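S.K.: Handing over run_35.txt, compact mmCIF, N, CA and C atoms.
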```txt
# COMPACT_ATOMS: atom_id res chain seq x y z
N MET A 1 113.54 315.08 164.23
CA MET A 1 113.28 315.61 162.89
C MET A 1 111.87 316.13 162.79
N ASP A 2 111.54 317.14 163.55
CA ASP A 2 110.22 317.73 163.47
C ASP A 2 109.95 318.39 162.13
N ARG A 3 110.97 318.53 161.32
CA ARG A 3 110.80 319.18 160.02
C ARG A 3 109.86 318.42 159.11
N VAL A 4 109.71 317.11 159.28
CA VAL A 4 108.86 316.33 158.38
C VAL A 4 107.55 315.88 159.02
N ALA A 5 107.40 316.09 160.31
CA ALA A 5 106.16 315.67 160.99
C ALA A 5 104.98 316.40 160.36
N GLY A 6 103.98 315.62 159.95
CA GLY A 6 102.78 316.18 159.34
C GLY A 6 102.91 316.51 157.87
N LYS A 7 104.07 316.31 157.29
CA LYS A 7 104.28 316.59 155.87
C LYS A 7 103.82 315.40 155.03
N VAL A 8 103.52 315.68 153.76
CA VAL A 8 103.14 314.64 152.80
C VAL A 8 104.36 314.39 151.91
N ALA A 9 104.83 313.14 151.89
CA ALA A 9 106.07 312.81 151.19
C ALA A 9 105.83 311.73 150.13
N LEU A 10 106.37 311.96 148.95
CA LEU A 10 106.35 311.00 147.85
C LEU A 10 107.76 310.49 147.66
N ILE A 11 107.92 309.17 147.67
CA ILE A 11 109.24 308.56 147.50
C ILE A 11 109.17 307.65 146.29
N THR A 12 109.99 307.89 145.28
CA THR A 12 110.03 307.02 144.11
C THR A 12 111.09 305.94 144.32
N GLY A 13 110.94 304.84 143.59
CA GLY A 13 111.86 303.73 143.76
C GLY A 13 111.79 303.18 145.17
N ALA A 14 110.58 303.19 145.74
CA ALA A 14 110.41 302.92 147.16
C ALA A 14 110.07 301.47 147.50
N ALA A 15 110.08 300.59 146.52
CA ALA A 15 109.73 299.19 146.79
C ALA A 15 110.84 298.45 147.54
N SER A 16 112.06 298.96 147.47
CA SER A 16 113.17 298.26 148.13
C SER A 16 114.35 299.22 148.29
N GLY A 17 115.36 298.75 148.95
CA GLY A 17 116.63 299.47 149.05
C GLY A 17 116.53 300.84 149.70
N LEU A 18 117.26 301.80 149.15
CA LEU A 18 117.33 303.14 149.72
C LEU A 18 115.98 303.84 149.72
N GLY A 19 115.18 303.62 148.68
CA GLY A 19 113.86 304.24 148.64
C GLY A 19 112.97 303.76 149.77
N LEU A 20 112.97 302.47 150.01
CA LEU A 20 112.19 301.91 151.11
C LEU A 20 112.71 302.42 152.45
N ALA A 21 114.02 302.48 152.60
CA ALA A 21 114.61 302.99 153.85
C ALA A 21 114.21 304.45 154.08
N ALA A 22 114.22 305.25 153.02
CA ALA A 22 113.81 306.65 153.15
C ALA A 22 112.35 306.75 153.56
N ALA A 23 111.50 305.93 152.95
CA ALA A 23 110.08 305.93 153.28
C ALA A 23 109.86 305.53 154.74
N GLN A 24 110.57 304.51 155.18
CA GLN A 24 110.45 304.07 156.57
C GLN A 24 110.86 305.17 157.53
N ARG A 25 111.96 305.83 157.25
CA ARG A 25 112.46 306.88 158.13
C ARG A 25 111.52 308.07 158.16
N LEU A 26 111.03 308.48 157.00
CA LEU A 26 110.09 309.60 156.95
C LEU A 26 108.82 309.29 157.73
N ALA A 27 108.33 308.06 157.58
CA ALA A 27 107.13 307.64 158.32
C ALA A 27 107.40 307.64 159.83
N GLU A 28 108.56 307.14 160.23
CA GLU A 28 108.93 307.14 161.65
C GLU A 28 108.97 308.55 162.22
N GLU A 29 109.33 309.50 161.38
CA GLU A 29 109.44 310.89 161.82
C GLU A 29 108.11 311.65 161.70
N GLY A 30 107.05 310.94 161.29
CA GLY A 30 105.72 311.55 161.29
C GLY A 30 105.18 312.02 159.97
N ALA A 31 105.87 311.74 158.88
CA ALA A 31 105.35 312.13 157.57
C ALA A 31 104.32 311.13 157.08
N ALA A 32 103.39 311.61 156.28
CA ALA A 32 102.47 310.73 155.56
C ALA A 32 103.19 310.35 154.27
N VAL A 33 103.44 309.06 154.06
CA VAL A 33 104.28 308.65 152.94
C VAL A 33 103.48 307.94 151.86
N ILE A 34 103.83 308.28 150.62
CA ILE A 34 103.32 307.61 149.44
C ILE A 34 104.52 306.97 148.77
N LEU A 35 104.51 305.65 148.69
CA LEU A 35 105.59 304.91 148.04
C LEU A 35 105.23 304.74 146.58
N ALA A 36 106.13 305.07 145.69
CA ALA A 36 105.90 304.91 144.26
C ALA A 36 106.99 304.03 143.67
N ASP A 37 106.58 303.15 142.77
CA ASP A 37 107.54 302.25 142.13
C ASP A 37 106.88 301.67 140.89
N ILE A 38 107.67 301.22 139.95
CA ILE A 38 107.14 300.56 138.76
C ILE A 38 106.71 299.13 139.06
N ASP A 39 107.27 298.53 140.10
CA ASP A 39 106.96 297.15 140.49
C ASP A 39 105.80 297.17 141.50
N ALA A 40 104.59 296.96 141.00
CA ALA A 40 103.40 297.07 141.85
C ALA A 40 103.38 296.04 142.97
N GLN A 41 103.78 294.82 142.68
CA GLN A 41 103.73 293.77 143.70
C GLN A 41 104.67 294.10 144.86
N ALA A 42 105.90 294.44 144.54
CA ALA A 42 106.86 294.79 145.59
C ALA A 42 106.47 296.09 146.29
N GLY A 43 105.93 297.02 145.54
CA GLY A 43 105.52 298.29 146.12
C GLY A 43 104.38 298.15 147.10
N GLU A 44 103.40 297.33 146.75
CA GLU A 44 102.27 297.08 147.67
C GLU A 44 102.77 296.43 148.95
N ALA A 45 103.68 295.48 148.82
CA ALA A 45 104.24 294.81 150.00
C ALA A 45 105.02 295.80 150.86
N ALA A 46 105.79 296.65 150.22
CA ALA A 46 106.57 297.64 150.97
C ALA A 46 105.65 298.60 151.72
N ALA A 47 104.62 299.08 151.05
CA ALA A 47 103.69 300.01 151.69
C ALA A 47 102.97 299.34 152.86
N ALA A 48 102.65 298.07 152.71
CA ALA A 48 101.97 297.34 153.78
C ALA A 48 102.85 297.20 155.02
N SER A 49 104.16 297.31 154.84
CA SER A 49 105.08 297.17 155.97
C SER A 49 105.26 298.46 156.76
N ILE A 50 104.67 299.56 156.27
CA ILE A 50 104.80 300.86 156.92
C ILE A 50 103.41 301.34 157.30
N GLN A 51 103.18 301.52 158.57
CA GLN A 51 101.87 301.93 159.03
C GLN A 51 101.44 303.26 158.39
N GLY A 52 100.26 303.25 157.78
CA GLY A 52 99.70 304.45 157.19
C GLY A 52 100.19 304.77 155.80
N ALA A 53 101.15 304.02 155.29
CA ALA A 53 101.70 304.29 153.96
C ALA A 53 100.75 303.80 152.88
N VAL A 54 100.83 304.43 151.73
CA VAL A 54 100.08 303.98 150.56
C VAL A 54 101.04 303.80 149.40
N PHE A 55 100.61 302.99 148.44
CA PHE A 55 101.44 302.73 147.26
C PHE A 55 100.76 303.28 146.02
N ALA A 56 101.57 303.78 145.11
CA ALA A 56 101.10 304.21 143.80
C ALA A 56 102.09 303.71 142.76
N ARG A 57 101.58 303.04 141.73
CA ARG A 57 102.47 302.59 140.66
C ARG A 57 102.87 303.80 139.83
N LEU A 58 104.16 303.89 139.53
CA LEU A 58 104.68 305.02 138.77
C LEU A 58 105.85 304.59 137.92
N ASP A 59 105.75 304.89 136.62
CA ASP A 59 106.88 304.77 135.72
C ASP A 59 107.45 306.17 135.59
N VAL A 60 108.59 306.42 136.21
CA VAL A 60 109.13 307.77 136.28
C VAL A 60 109.55 308.32 134.92
N THR A 61 109.61 307.48 133.90
CA THR A 61 109.96 307.96 132.56
C THR A 61 108.76 308.53 131.82
N ARG A 62 107.58 308.44 132.41
CA ARG A 62 106.36 308.92 131.75
C ARG A 62 105.81 310.16 132.46
N GLU A 63 105.95 311.28 131.80
CA GLU A 63 105.50 312.55 132.37
C GLU A 63 104.02 312.53 132.74
N SER A 64 103.21 311.88 131.92
CA SER A 64 101.77 311.84 132.19
C SER A 64 101.47 311.11 133.50
N GLU A 65 102.25 310.09 133.83
CA GLU A 65 102.05 309.37 135.09
C GLU A 65 102.44 310.24 136.28
N TRP A 66 103.51 311.02 136.14
CA TRP A 66 103.90 311.96 137.19
C TRP A 66 102.76 312.94 137.46
N GLN A 67 102.26 313.53 136.38
CA GLN A 67 101.21 314.54 136.53
C GLN A 67 99.98 313.95 137.19
N ALA A 68 99.57 312.76 136.74
CA ALA A 68 98.38 312.12 137.32
C ALA A 68 98.60 311.80 138.80
N LEU A 69 99.78 311.33 139.16
CA LEU A 69 100.05 310.98 140.55
C LEU A 69 100.06 312.23 141.44
N VAL A 70 100.75 313.26 141.01
CA VAL A 70 100.80 314.49 141.81
C VAL A 70 99.40 315.08 141.95
N ASP A 71 98.64 315.09 140.86
CA ASP A 71 97.27 315.59 140.93
C ASP A 71 96.44 314.80 141.93
N SER A 72 96.59 313.47 141.94
CA SER A 72 95.80 312.65 142.86
C SER A 72 96.24 312.87 144.31
N ILE A 73 97.53 313.06 144.53
CA ILE A 73 98.02 313.33 145.90
C ILE A 73 97.47 314.66 146.40
N VAL A 74 97.54 315.68 145.57
CA VAL A 74 97.05 317.00 145.96
C VAL A 74 95.54 316.96 146.19
N ALA A 75 94.81 316.22 145.35
CA ALA A 75 93.36 316.10 145.53
C ALA A 75 93.02 315.40 146.84
N ALA A 76 93.78 314.37 147.18
CA ALA A 76 93.49 313.58 148.38
C ALA A 76 94.04 314.21 149.66
N ARG A 77 95.21 314.83 149.57
CA ARG A 77 95.91 315.30 150.78
C ARG A 77 96.04 316.81 150.88
N GLY A 78 95.69 317.49 149.80
CA GLY A 78 95.75 318.95 149.82
C GLY A 78 97.09 319.55 149.44
N ARG A 79 98.12 318.72 149.41
CA ARG A 79 99.45 319.24 149.09
C ARG A 79 100.45 318.09 148.95
N LEU A 80 101.62 318.43 148.44
CA LEU A 80 102.76 317.53 148.43
C LEU A 80 103.95 318.35 148.91
N ASP A 81 104.54 317.94 150.03
CA ASP A 81 105.59 318.73 150.66
C ASP A 81 107.00 318.25 150.36
N VAL A 82 107.16 316.93 150.21
CA VAL A 82 108.50 316.34 150.11
C VAL A 82 108.53 315.37 148.94
N LEU A 83 109.58 315.45 148.13
CA LEU A 83 109.81 314.47 147.06
C LEU A 83 111.20 313.88 147.25
N VAL A 84 111.26 312.56 147.34
CA VAL A 84 112.53 311.84 147.33
C VAL A 84 112.54 311.08 146.02
N ASN A 85 113.28 311.61 145.03
CA ASN A 85 113.29 311.03 143.69
C ASN A 85 114.43 310.02 143.61
N ASN A 86 114.15 308.81 144.07
CA ASN A 86 115.15 307.75 144.19
C ASN A 86 115.17 306.82 142.99
N ALA A 87 114.18 306.88 142.13
CA ALA A 87 114.11 305.95 140.99
C ALA A 87 114.98 306.42 139.84
```
Would it be possible to restate this file's structure as structure tokens?
M.R.:
Amino acid sequence: MDRVAGKVALITGAASGLGLAAAQRLAEEGAAVILADIDAQAGEAAAASIQGAVFARLDVTRESEWQALVDSIVAARGRLDVLVNNA
């Protein structure tokens, strides 16, 4: 899956289940992953289990939180290439 190598990926609902599995797979394939979830404790633990991953708390029902998160990703990484909206 060279399609995601070097890409910046945001995965919502990533603290467990399918979101976490997607984050793990994207990271294995070489993407830089940002795990987002409303549950900060579980999200931090999930991100810690994936080398190089970071966690961001996100309530997907709040547009202002989306905007702030995307702005911070673009400021830090220069772009956002992949969104897995699992939440």
S.K.: Around the point (108.1, 313.6, 159.1), in the coordinates given by the file, pick out the residues reaching within 6.5 Å, counting all atoms listed in the file, and return them as a PDB file with N, CA and C atoms, in the frame of the given file.
M.R.:
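Here's the written file point_37.pdb:
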```
ATOM      1  N   MET A   1     113.540 315.080 164.230  1.00  0.00           N
ATOM      2  CA  MET A   1     113.280 315.610 162.890  1.00  0.00           C
ATOM      3  C   MET A   1     111.870 316.130 162.790  1.00  0.00           C
ATOM      4  N   ASP A   2     111.540 317.140 163.550  1.00  0.00           N
ATOM      5  CA  ASP A   2     110.220 317.730 163.470  1.00  0.00           C
ATOM      6  C   ASP A   2     109.950 318.390 162.130  1.00  0.00           C
ATOM      7  N   ARG A   3     110.970 318.530 161.320  1.00  0.00           N
ATOM      8  CA  ARG A   3     110.800 319.180 160.020  1.00  0.00           C
ATOM      9  C   ARG A   3     109.860 318.420 159.110  1.00  0.00           C
ATOM     10  N   VAL A   4     109.710 317.110 159.280  1.00  0.00           N
ATOM     11  CA  VAL A   4     108.860 316.330 158.380  1.00  0.00           C
ATOM     12  C   VAL A   4     107.550 315.880 159.020  1.00  0.00           C
ATOM     13  N   ALA A   5     107.400 316.090 160.310  1.00  0.00           N
ATOM     14  CA  ALA A   5     106.160 315.670 160.990  1.00  0.00           C
ATOM     15  C   ALA A   5     104.980 316.400 160.360  1.00  0.00           C
ATOM     16  N   GLY A   6     103.980 315.620 159.950  1.00  0.00           N
ATOM     17  CA  GLY A   6     102.780 316.180 159.340  1.00  0.00           C
ATOM     18  C   GLY A   6     102.910 316.510 157.870  1.00  0.00           C
ATOM     19  N   LYS A   7     104.070 316.310 157.290  1.00  0.00           N
ATOM     20  CA  LYS A   7     104.280 316.590 155.870  1.00  0.00           C
ATOM     21  C   LYS A   7     103.820 315.400 155.030  1.00  0.00           C
ATOM     22  N   LEU A  26     111.030 308.480 157.000  1.00  0.00           N
ATOM     23  CA  LEU A  26     110.090 309.600 156.950  1.00  0.00           C
ATOM     24  C   LEU A  26     108.820 309.290 157.730  1.00  0.00           C
ATOM     25  N   ALA A  27     108.330 308.060 157.580  1.00  0.00           N
ATOM     26  CA  ALA A  27     107.130 307.640 158.320  1.00  0.00           C
ATOM     27  C   ALA A  27     107.400 307.640 159.830  1.00  0.00           C
ATOM     28  N   GLU A  28     108.560 307.140 160.230  1.00  0.00           N
ATOM     29  CA  GLU A  28     108.930 307.140 161.650  1.00  0.00           C
ATOM     30  C   GLU A  28     108.970 308.550 162.220  1.00  0.00           C
ATOM     31  N   GLU A  29     109.330 309.500 161.380  1.00  0.00           N
ATOM     32  CA  GLU A  29     109.440 310.890 161.820  1.00  0.00           C
ATOM     33  C   GLU A  29     108.110 311.650 161.700  1.00  0.00           C
ATOM     34  N   GLY A  30     107.050 310.940 161.290  1.00  0.00           N
ATOM     35  CA  GLY A  30     105.720 311.550 161.290  1.00  0.00           C
ATOM     36  C   GLY A  30     105.180 312.020 159.970  1.00  0.00           C
ATOM     37  N   ALA A  31     105.870 311.740 158.880  1.00  0.00           N
ATOM     38  CA  ALA A  31     105.350 312.130 157.570  1.00  0.00           C
ATOM     39  C   ALA A  31     104.320 311.130 157.080  1.00  0.00           C
ATOM     40  N   ALA A  32     103.390 311.610 156.280  1.00  0.00           N
ATOM     41  CA  ALA A  32     102.470 310.730 155.560  1.00  0.00           C
ATOM     42  C   ALA A  32     103.190 310.350 154.270  1.00  0.00           C
TER      43      ALA A  32
END
```
S.K.: Quick one: distance from atom N of Asn86 in chain A to CA of Phe55 in chain A in Å, one decimal?
M.R.: 14.4 Å
S.K.: If I take atom C of Trp66 in chain A and CA of Ser49 in chain A, how far is one from the other in Å, to one decimal?
M.R.: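 Distance reported for this atom pair: 24.4 Å.
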S.K.: Compare A:Ala14, A:Ala22, A:Val70, A:Val60 by their minimum atom-to-atom distance to Gly43 in chain A, counting all atoms listed in the file, and give me the closest one.
M.R.: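 Checking each candidate against Gly43 in chain A, we get A:Ala14 as the closest.
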S.K.: Rounded to one decimal in Å, what is the spacing between CA of Asp71 in chain A and atom N of Ile38 in chain A?
M.R.: 17.8 Å
S.K.: Determine which residues of chain A receive a DSSP assignment of alpha helix (DSSP H), computed from the backbone, and state them as a PyMOL selection string.
M.R.: chain A and resi 17-28+40-48+63-77
S.K.: Write out as a JSON list (two decimals) with N, CA and C atoms, keeping the file's coordinate frame each polymer residue whose atoms come within 7 Å of Gly13 in chain A, counting all atoms listed in the file; drop sequence neighbours fewer than 4 positions from it.
M.R.:
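Saved the output as around_34.json:
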```
[["chain", "number", "residue", "atom", "x", "y", "z"],
["A", 17, "GLY", "N", 115.36, 298.75, 148.95],
["A", 17, "GLY", "CA", 116.63, 299.47, 149.05],
["A", 17, "GLY", "C", 116.53, 300.84, 149.70],
["A", 18, "LEU", "N", 117.26, 301.80, 149.15],
["A", 18, "LEU", "CA", 117.33, 303.14, 149.72],
["A", 18, "LEU", "C", 115.98, 303.84, 149.72],
["A", 19, "GLY", "N", 115.18, 303.62, 148.68],
["A", 19, "GLY", "CA", 113.86, 304.24, 148.64],
["A", 19, "GLY", "C", 112.97, 303.76, 149.77],
["A", 20, "LEU", "N", 112.97, 302.47, 150.01],
["A", 20, "LEU", "CA", 112.19, 301.91, 151.11],
["A", 20, "LEU", "C", 112.71, 302.42, 152.45],
["A", 35, "LEU", "N", 104.51, 305.65, 148.69],
["A", 35, "LEU", "CA", 105.59, 304.91, 148.04],
["A", 35, "LEU", "C", 105.23, 304.74, 146.58],
["A", 36, "ALA", "N", 106.13, 305.07, 145.69],
["A", 36, "ALA", "CA", 105.90, 304.91, 144.26],
["A", 36, "ALA", "C", 106.99, 304.03, 143.67],
["A", 37, "ASP", "N", 106.58, 303.15, 142.77],
["A", 37, "ASP", "CA", 107.54, 302.25, 142.13],
["A", 37, "ASP", "C", 106.88, 301.67, 140.89],
["A", 38, "ILE", "N", 107.67, 301.22, 139.95],
["A", 38, "ILE", "CA", 107.14, 300.56, 138.76],
["A", 38, "ILE", "C", 106.71, 299.13, 139.06],
["A", 84, "VAL", "N", 111.26, 312.56, 147.34],
["A", 84, "VAL", "CA", 112.53, 311.84, 147.33],
["A", 84, "VAL", "C", 112.54, 311.08, 146.02],
["A", 85, "ASN", "N", 113.28, 311.61, 145.03],
["A", 85, "ASN", "CA", 113.29, 311.03, 143.69],
["A", 85, "ASN", "C", 114.43, 310.02, 143.61],
["A", 86, "ASN", "N", 114.15, 308.81, 144.07],
["A", 86, "ASN", "CA", 115.15, 307.75, 144.19],
["A", 86, "ASN", "C", 115.17, 306.82, 142.99],
["A", 87, "ALA", "N", 114.18, 306.88, 142.13],
["A", 87, "ALA", "CA", 114.11, 305.95, 140.99],
["A", 87, "ALA", "C", 114.98, 306.42, 139.84]]
```
S.K.: Write out as a CSV table (one decimal) with N, CA and C atoms, in the coordinates of the input the set of residues from chain A that DSSP, computed on the backbone, places in strand (DSSP E).
M.R.:
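This went into selection.csv:
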```csv
chain,number,residue,atom,x,y,z
A,8,VAL,N,103.5,315.7,153.8
A,8,VAL,CA,103.1,314.6,152.8
A,8,VAL,C,104.4,314.4,151.9
A,9,ALA,N,104.8,313.1,151.9
A,9,ALA,CA,106.1,312.8,151.2
A,9,ALA,C,105.8,311.7,150.1
A,10,LEU,N,106.4,312.0,149.0
A,10,LEU,CA,106.4,311.0,147.8
A,10,LEU,C,107.8,310.5,147.7
A,11,ILE,N,107.9,309.2,147.7
A,11,ILE,CA,109.2,308.6,147.5
A,11,ILE,C,109.2,307.6,146.3
A,12,THR,N,110.0,307.9,145.3
A,12,THR,CA,110.0,307.0,144.1
A,12,THR,C,111.1,305.9,144.3
A,32,ALA,N,103.4,311.6,156.3
A,32,ALA,CA,102.5,310.7,155.6
A,32,ALA,C,103.2,310.4,154.3
A,33,VAL,N,103.4,309.1,154.1
A,33,VAL,CA,104.3,308.6,152.9
A,33,VAL,C,103.5,307.9,151.9
A,34,ILE,N,103.8,308.3,150.6
A,34,ILE,CA,103.3,307.6,149.4
A,34,ILE,C,104.5,307.0,148.8
A,35,LEU,N,104.5,305.6,148.7
A,35,LEU,CA,105.6,304.9,148.0
A,35,LEU,C,105.2,304.7,146.6
A,36,ALA,N,106.1,305.1,145.7
A,36,ALA,CA,105.9,304.9,144.3
A,36,ALA,C,107.0,304.0,143.7
A,37,ASP,N,106.6,303.2,142.8
A,37,ASP,CA,107.5,302.2,142.1
A,37,ASP,C,106.9,301.7,140.9
A,54,VAL,N,100.8,304.4,151.7
A,54,VAL,CA,100.1,304.0,150.6
A,54,VAL,C,101.0,303.8,149.4
A,55,PHE,N,100.6,303.0,148.4
A,55,PHE,CA,101.4,302.7,147.3
A,55,PHE,C,100.8,303.3,146.0
A,56,ALA,N,101.6,303.8,145.1
A,56,ALA,CA,101.1,304.2,143.8
A,56,ALA,C,102.1,303.7,142.8
A,57,ARG,N,101.6,303.0,141.7
A,57,ARG,CA,102.5,302.6,140.7
A,57,ARG,C,102.9,303.8,139.8
A,82,VAL,N,107.2,316.9,150.2
A,82,VAL,CA,108.5,316.3,150.1
A,82,VAL,C,108.5,315.4,148.9
A,83,LEU,N,109.6,315.4,148.1
A,83,LEU,CA,109.8,314.5,147.1
A,83,LEU,C,111.2,313.9,147.2
A,84,VAL,N,111.3,312.6,147.3
A,84,VAL,CA,112.5,311.8,147.3
A,84,VAL,C,112.5,311.1,146.0
A,85,ASN,N,113.3,311.6,145.0
A,85,ASN,CA,113.3,311.0,143.7
A,85,ASN,C,114.4,310.0,143.6
```
S.K.: Measuring atom to atom with only C-alpha atoms, identify which of A:Ala68, A:Ile34, A:Ala21, A:Val8 is nearest to Ala47 in chain A.
M.R.: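 Ranking A:Ala68, A:Ile34, A:Ala21, A:Val8 by distance to Ala47 in chain A, first place goes to A:Ile34.
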S.K.: Dump as a list in words all residues having an atom at most 7 Å from (99.1, 304.8, 155.1), computed in the file's coordinates with only C-alpha atoms.
M.R.: Ala32, Val33, Gln51, Gly52, Ala53 and Val54 of chain A
S.K.: Write the residues you've just listed into a file as an mmCIF file, in the frame of the given file, and include N, CA and C atoms for each of them.
M.R.:
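Result went into out-v9.cif, see below:
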```cif
data_model
loop_
_atom_site.group_PDB
_atom_site.id
_atom_site.type_symbol
_atom_site.label_atom_id
_atom_site.label_comp_id
_atom_site.auth_asym_id
_atom_site.auth_seq_id
_atom_site.Cartn_x
_atom_site.Cartn_y
_atom_site.Cartn_z
ATOM 1 N N ALA A 32 103.390 311.610 156.280
ATOM 2 C CA ALA A 32 102.470 310.730 155.560
ATOM 3 C C ALA A 32 103.190 310.350 154.270
ATOM 4 N N VAL A 33 103.440 309.060 154.060
ATOM 5 C CA VAL A 33 104.280 308.650 152.940
ATOM 6 C C VAL A 33 103.480 307.940 151.860
ATOM 7 N N GLN A 51 103.180 301.520 158.570
ATOM 8 C CA GLN A 51 101.870 301.930 159.030
ATOM 9 C C GLN A 51 101.440 303.260 158.390
ATOM 10 N N GLY A 52 100.260 303.250 157.780
ATOM 11 C CA GLY A 52 99.700 304.450 157.190
ATOM 12 C C GLY A 52 100.190 304.770 155.800
ATOM 13 N N ALA A 53 101.150 304.020 155.290
ATOM 14 C CA ALA A 53 101.700 304.290 153.960
ATOM 15 C C ALA A 53 100.750 303.800 152.880
ATOM 16 N N VAL A 54 100.830 304.430 151.730
ATOM 17 C CA VAL A 54 100.080 303.980 150.560
ATOM 18 C C VAL A 54 101.040 303.800 149.400
#
```
S.K.: Kindly indicate which residue among A:Ala40, A:Leu69, A:Ile11, A:Ala56 lies nearest to Leu83 in chain A, using all atoms listed in the file for the distances.
M.R.: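 That would be A:Ile11, the residue with the smallest distance to Leu83 in chain A.
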